[in-house]
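Student: Sharing a structure, written as structure tokens. Questions coming.
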Amino acid sequence: MSDATPPRQHLGPSPWRILTIVISVLVYAFLLLPIIVVLPLGFSSGSFLTYPMPGLSLRWYEELAHNYKWLLALKNSAIVGVCAAALSSVLGVSAALALASLPPKARALAYGLFIAPLVVPVIILAVALFLFFSKLGLTGSLAGMVLAHTIVGAPYVMISVNAALQNFDTTLVRAAKSLGASSWGAQRLVVFPIIKPAIVAGALFAFVVSFDEVVISLFLASPEQVTLPIRLFDGIRDELTPVVISAATIMLFVSVGGMICVEALRRRSAKARGLQES
Amino acid sequence: MLSMSRAKPCAIERAEEAVSGLALPQALRAPISRYGLLLPCLLFMLGLFVWPILSLLTGGVHSPEVSQALPQASRAVLAWSGQGQPDDAAFEALLADLRAADRRAVAEAGRRLNYEIPGYRALILKTAARAAGAQGKVGLIAIDPKWGEESYWLALRRAASPITPRYLLSALDLEVRPDGSIGAAPQESAIFLGVLGRTLWISLVVTVSCLLLAFPVAYHIASSTPRWRNLLLLLVLLPFWTSLLVRTSAWVVLLQDNGMINSFLLRAGLIETPLRLIFNRTGVYISFIHVLLPLMVLPLYSVMSNISREYLRAAFSLGASGPRAFFKVYLPLVWPGIWSGTLLTFVVCSGYYVTPLLVGGNTDQMMSYFIAFYTKQTVNWGLAAALAIVLSLSILLVTGLYALVGRRQKIVVKG
């Protein structure tokens with residue numbers, strides 16, 4: 001950032017500054033407090049979701065670990081997430097590499113097509129896939145869920161890798177070729193190491209997207225394919241118990257942990273390309 | 001680093017290329033690898049995204065059930081003028097179709113015909129079951145005297161055409177009257193314009209609230225020292241990264257009738273009876289703002305962090321008051337962030353499904369709910385598709401208006 005020094009000249013007179021700070025602090029509290037206040041209730045030894053807690057215990061987490069339904073949901077979420085992330089990476093990376101070699105107009109068009117799944121209202125995508133997959137017999141199968149999650153996951157990999165390729169110095173490839181590398185060799189030895197952090201970040205992002213996805217899953221999953229978000233959805237609709245809250249806590253750590261890694265990788269990738277962090 | 005350690009593998013590559021390069025000249029290889037990379041993604045997108053969505057949306061106007069199950073009868077009634085009774089050939093064609101068609105196709109056609117006249121499904125199934133023994137017009141009317149009524153034939157004629165406007169019309173609270181004119185649908189089924197209005201209204205309220213709350217926050221982050229910036233950004237990003245359902249469950253625990261906020265207020269003696277904070281519009285607004293606020297903060301912040309302080313300093317040194325400097329200098333500079341933030345929030349909000357479903361009441365459901373409802377509950381796919389068309393078109397319209405406003409505003413800023 002060009003003006004990294006703290007501004008001494010504030011927007012308007014100081015009452016405005018105070019108001020800005022007051023609103024900001026209230027908004028931070030509004031954003032974070034619900035999560036911070038509610039999730040510890042999963043560690044309560046009582047079965048009511050209120051404070052004060054009668055005591056601390058891991059009983060709800062133990063119940064979670066012994067509940068067949070929650071374990072099945074965790075297993076399904078993990079399988080679908082990992083498979084969708086892997087498939088998203090293959091498609092996203094090849095899409096980004098292909099985009100880089102297209103002429104500008106075709107590139108803009110293809111880019112628009114590839115990110116379209118993120119723009120279409122998710123309910124429309126969910127209903128469309130539900131009707132389409134019913135014809136193919138893919139509803140109620142993990143394979144169908146993986147394909148569906150790949151549709152919304154692959155664009156993130158593509159965006160991530162595409163950004164890494166934006167400031168990519170193509171003379172490096174030419175240099176490699178002039179030194180005798182084949183075009184595949186140049187890709188593998190020059191391009192790949194530079195975009196590797198972006199690929200990992202994109203794949204992680206795709207995993208988190210799949211891990212949190214609920215609307216499409218609600219349409220495609222039969223009871224055998226229930227994922228964690230669907231169990232949570234049912235929990236909210238039926239009855240919120242400390243078990244549900246403890247499952248929510250685990251989900252929070254998985255997705256926030258994943259996203260922190262994504263962010264760290266993004267910064268490293270930007271630094272590797274000699275960009276200021278943005 | 002690149003030169004020395006990579007040089008050796010390159011020599012090997014070169015040797016490899018000397019062999020493989022014989023088959024494919026360099027000039028040909030580049031386009032092949034380019035399309036070889038593009039093709040799988042393109043096929044995947046076309047097959048699993050574009051095609052399903054197009055076939056969903058065309059389902060809103062394309063309804064071939066009747067013309068597929070009853071092809072001869074469809075041709076006969078479409079050739080009929082619609083005045084008086086159709087000729088005897090139509091009766092015979094219907095019987096012939098019903099004898100030949102399989103039960104599932106007839107049931108599908110019956111479902112479609114039932115939208116025209118309630119009870120038609122039962123009529124067609126009953127007729128299909130007895131079609132084998134019946135002959136001609138007399139035989140058909142003997143199965144059920146309704147076949148002697150003109151209105152049933154007119155309904156068949158409306159459903160016989162594979163392209164139908166009826167779903168789109170009912171998504172807009174209109175209907176085709178028996179005489180062929182288009183008019184307002186009866187009160188009890190004319191709910192969709194209200195739902196569309198509600199969807200847009202909720203999205204508007206949420207967008208404006210998010211803008212008002214996000215603006216000071218984004219400014220606060222952008223005007224902090226770099227060390228603080230990352231920390232404050234994290235405060236916004238952490239909830240953004242948290243699963244929607246985790247956040248929703250937290251709000252339910254807080255807001256429900258016997259939830260934390262109500263029990264706190266009751267214990268403190270501030271209220272006598274629990275406040276209704278969830279499963280109504282209040283709950284919808286609170287969770288929507290919570291979910292979408294980061295989406296507004298981030299674009300505002302990214303614009304604000306690139307605005308040099310010199311502009312404001314210049315405005316003050318030229319004698320501008322605080323508000324004047326804000327409206328004349330700062331706001332136009334932040335405009336791109338406001339533009340993209342509000343558009344993003346509005347579009348995302350208007351397509352939401354899960355949040356209103358979990359924290360709203362019956363009168364807070366938006367378009368998405370009804371699309372899902374007609375897909376899964378009543379299996380009226382035509383209407384679900386028509387509602388999907390209306391939702392997509394409204395979102396496109398808003399985006400288009402936005403593009404226009406954005407362009408005009410830019411000219412104003414320049415002038």
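Every chain in the structure tokens takes a letter, A first, then B, and so on in the order presented; its residues are numbered from 1, and the ligands are numbered from 1 following the presented order.
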Mind dumping a table of every segment 10-127 of chain A residue within 12 Å of segment 232-236 of chain A, with the nearest atom pair and its distance in Å to one decimal, using only C-alpha atoms, sorted by chain and rising number, as JSON lines?
Tutor:
```
{"residue": "A:Lys69", "atom": "CA", "partner": "A:Leu232", "partner_atom": "CA", "distance": 11.5}
{"residue": "A:Trp70", "atom": "CA", "partner": "A:Leu232", "partner_atom": "CA", "distance": 9.6}
{"residue": "A:Ala73", "atom": "CA", "partner": "A:Leu232", "partner_atom": "CA", "distance": 9.8}
{"residue": "A:Leu74", "atom": "CA", "partner": "A:Leu232", "partner_atom": "CA", "distance": 11.3}
```
Student: Just want the 8 Å neighbourhood of segment 43-50 of chain A, counted on only C-alpha atoms, with same-chain residues fewer than 4 positions away dropped. Output as a VMD selection string.
Tutor: (chain A and resid 38 54 to 61 241 to 242 246) or (chain B and resid 253 259 to 260)
Student: I'd like the neighbourhood of Phe30 of chain A as a short mmCIF file (atom, residue, chain, number, x, y, z; two decimals) with C-alpha atoms, in the first residue's frame, where a residue qualifies if any of its atoms comes within 10 Å (using only C-alpha atoms), though same-chain residues fewer than 5 positions away should be ignored.
Tutor:
```cif
data_model
loop_
_atom_site.label_atom_id
_atom_site.label_comp_id
_atom_site.auth_asym_id
_atom_site.auth_seq_id
_atom_site.Cartn_x
_atom_site.Cartn_y
_atom_site.Cartn_z
CA SER A 24 -17.25 -0.81 13.91
CA VAL A 25 -16.81 -2.31 17.36
CA ILE A 35 -20.30 -17.92 17.33
CA ILE B 286 -30.63 -10.58 11.47
CA ILE B 289 -27.14 -9.31 7.57
CA HIS B 290 -24.83 -11.55 9.58
#
```
Student: So that I can check the surroundings of segment 164-169 of chain B, please list as a list in words every protein, DNA and RNA residue that reaches within 10 Å of it, counting only C-alpha atoms and ignoring chain neighbours fewer than 5 positions away.
Tutor: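 Counting only the stated atoms, we get Gly59, Gly60, Val61, His62, Ser63, Pro64, Tyr115, Glu116, Arg158, Ala159, Leu174, Glu175, Val176, Ile182, Gly183, Ala184, Ala185, Asn380, Trp381, Gly382, Leu383, Ala384, Ala385, Ala386, Leu387, Ala388, Ile389 and Val390 of chain B.
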Student: Take the residues from that selection and put them in a file with C-alpha atoms, as a PDB file, in the first residue's frame.
Tutor:
```
ATOM      1  CA  GLY B  59     -39.139 -26.918 -18.837  1.00  0.00           C
ATOM      2  CA  GLY B  60     -40.911 -23.692 -17.915  1.00  0.00           C
ATOM      3  CA  VAL B  61     -42.372 -23.361 -21.403  1.00  0.00           C
ATOM      4  CA  HIS B  62     -41.908 -26.851 -22.838  1.00  0.00           C
ATOM      5  CA  SER B  63     -44.327 -29.488 -21.648  1.00  0.00           C
ATOM      6  CA  PRO B  64     -44.559 -32.441 -24.040  1.00  0.00           C
ATOM      7  CA  TYR B 115     -53.579 -28.437 -13.961  1.00  0.00           C
ATOM      8  CA  GLU B 116     -56.163 -27.492 -16.607  1.00  0.00           C
ATOM      9  CA  ARG B 158     -54.471 -26.437 -24.551  1.00  0.00           C
ATOM     10  CA  ALA B 159     -52.286 -29.195 -23.112  1.00  0.00           C
ATOM     11  CA  LEU B 174     -51.913 -14.848 -14.768  1.00  0.00           C
ATOM     12  CA  GLU B 175     -53.887 -17.646 -16.396  1.00  0.00           C
ATOM     13  CA  VAL B 176     -55.378 -18.640 -19.702  1.00  0.00           C
ATOM     14  CA  ILE B 182     -55.294 -14.094 -20.610  1.00  0.00           C
ATOM     15  CA  GLY B 183     -56.436 -12.703 -17.285  1.00  0.00           C
ATOM     16  CA  ALA B 184     -55.580 -12.461 -13.614  1.00  0.00           C
ATOM     17  CA  ALA B 185     -55.387 -15.782 -11.803  1.00  0.00           C
ATOM     18  CA  ASN B 380     -44.931 -29.496 -10.518  1.00  0.00           C
ATOM     19  CA  TRP B 381     -41.669 -29.135 -12.424  1.00  0.00           C
ATOM     20  CA  GLY B 382     -43.141 -26.825 -15.027  1.00  0.00           C
ATOM     21  CA  LEU B 383     -44.091 -24.248 -12.419  1.00  0.00           C
ATOM     22  CA  ALA B 384     -40.759 -24.674 -10.588  1.00  0.00           C
ATOM     23  CA  ALA B 385     -38.966 -24.027 -13.875  1.00  0.00           C
ATOM     24  CA  ALA B 386     -41.125 -20.983 -14.648  1.00  0.00           C
ATOM     25  CA  LEU B 387     -40.341 -19.540 -11.203  1.00  0.00           C
ATOM     26  CA  ALA B 388     -36.651 -20.200 -11.856  1.00  0.00           C
ATOM     27  CA  ILE B 389     -36.972 -18.261 -15.114  1.00  0.00           C
ATOM     28  CA  VAL B 390     -38.667 -15.352 -13.326  1.00  0.00           C
TER      29      VAL B 390
END
```
Student: Determine, counting only C-alpha atoms, which protein, DNA and RNA residues have an atom within 9 Å of an atom of Arg198 of chain B; residues of the same chain fewer than 6 positions away are not included. Present the result as a PyMOL selection string.
Tutor: chain B and resi 364-367
Student: Taking only C-alpha atoms into account, which of B:Gln256, B:Thr375, B:Ser340, B:Thr127 comes nearest chain A?
Tutor: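 Once distances to chain A are computed over only C-alpha atoms, the minimum belongs to B:Thr375.
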Student: List as a ChimeraX atom specification the protein and nucleic acid residues near Gly112 of chain A, meaning an atom at most 12 Å away when only C-alpha atoms are counted, but skip any in the same chain fewer than 6 places from it.
Tutor: /A:95,99,105-106,118-120,155,158-159 /B:42,45
Student: Please indicate the distance in Å from atom CA of Ala131 of chain B to atom CA of Asp179 of chain B, rounded to one decimal place.
Tutor: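 These atoms are spaced 29.3 Å apart.
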Student: Among segment 111-252 of chain A, which residues carry a DSSP assignment of alpha helix (DSSP H), reported as a ChimeraX atom specification?
Tutor: /A:111-119,122-136,142-166,171-178,183-186,192-212,215-220,228-237,242-252
Student: List the spatial neighbours of Phe192 of chain A as a PyMOL selection string - criterion: any atom at most 12 Å away, only C-alpha atoms, same-chain residues fewer than 4 positions off excluded.
Tutor: chain A and resi 93-94+97+161+164-165+168+172-173+184-188+196-200
Student: Could you please determine the separation between atom CA of Phe279 of chain B and atom CA of Pro229 of chain A in Å, to one decimal place?
Tutor: 20.1 Å
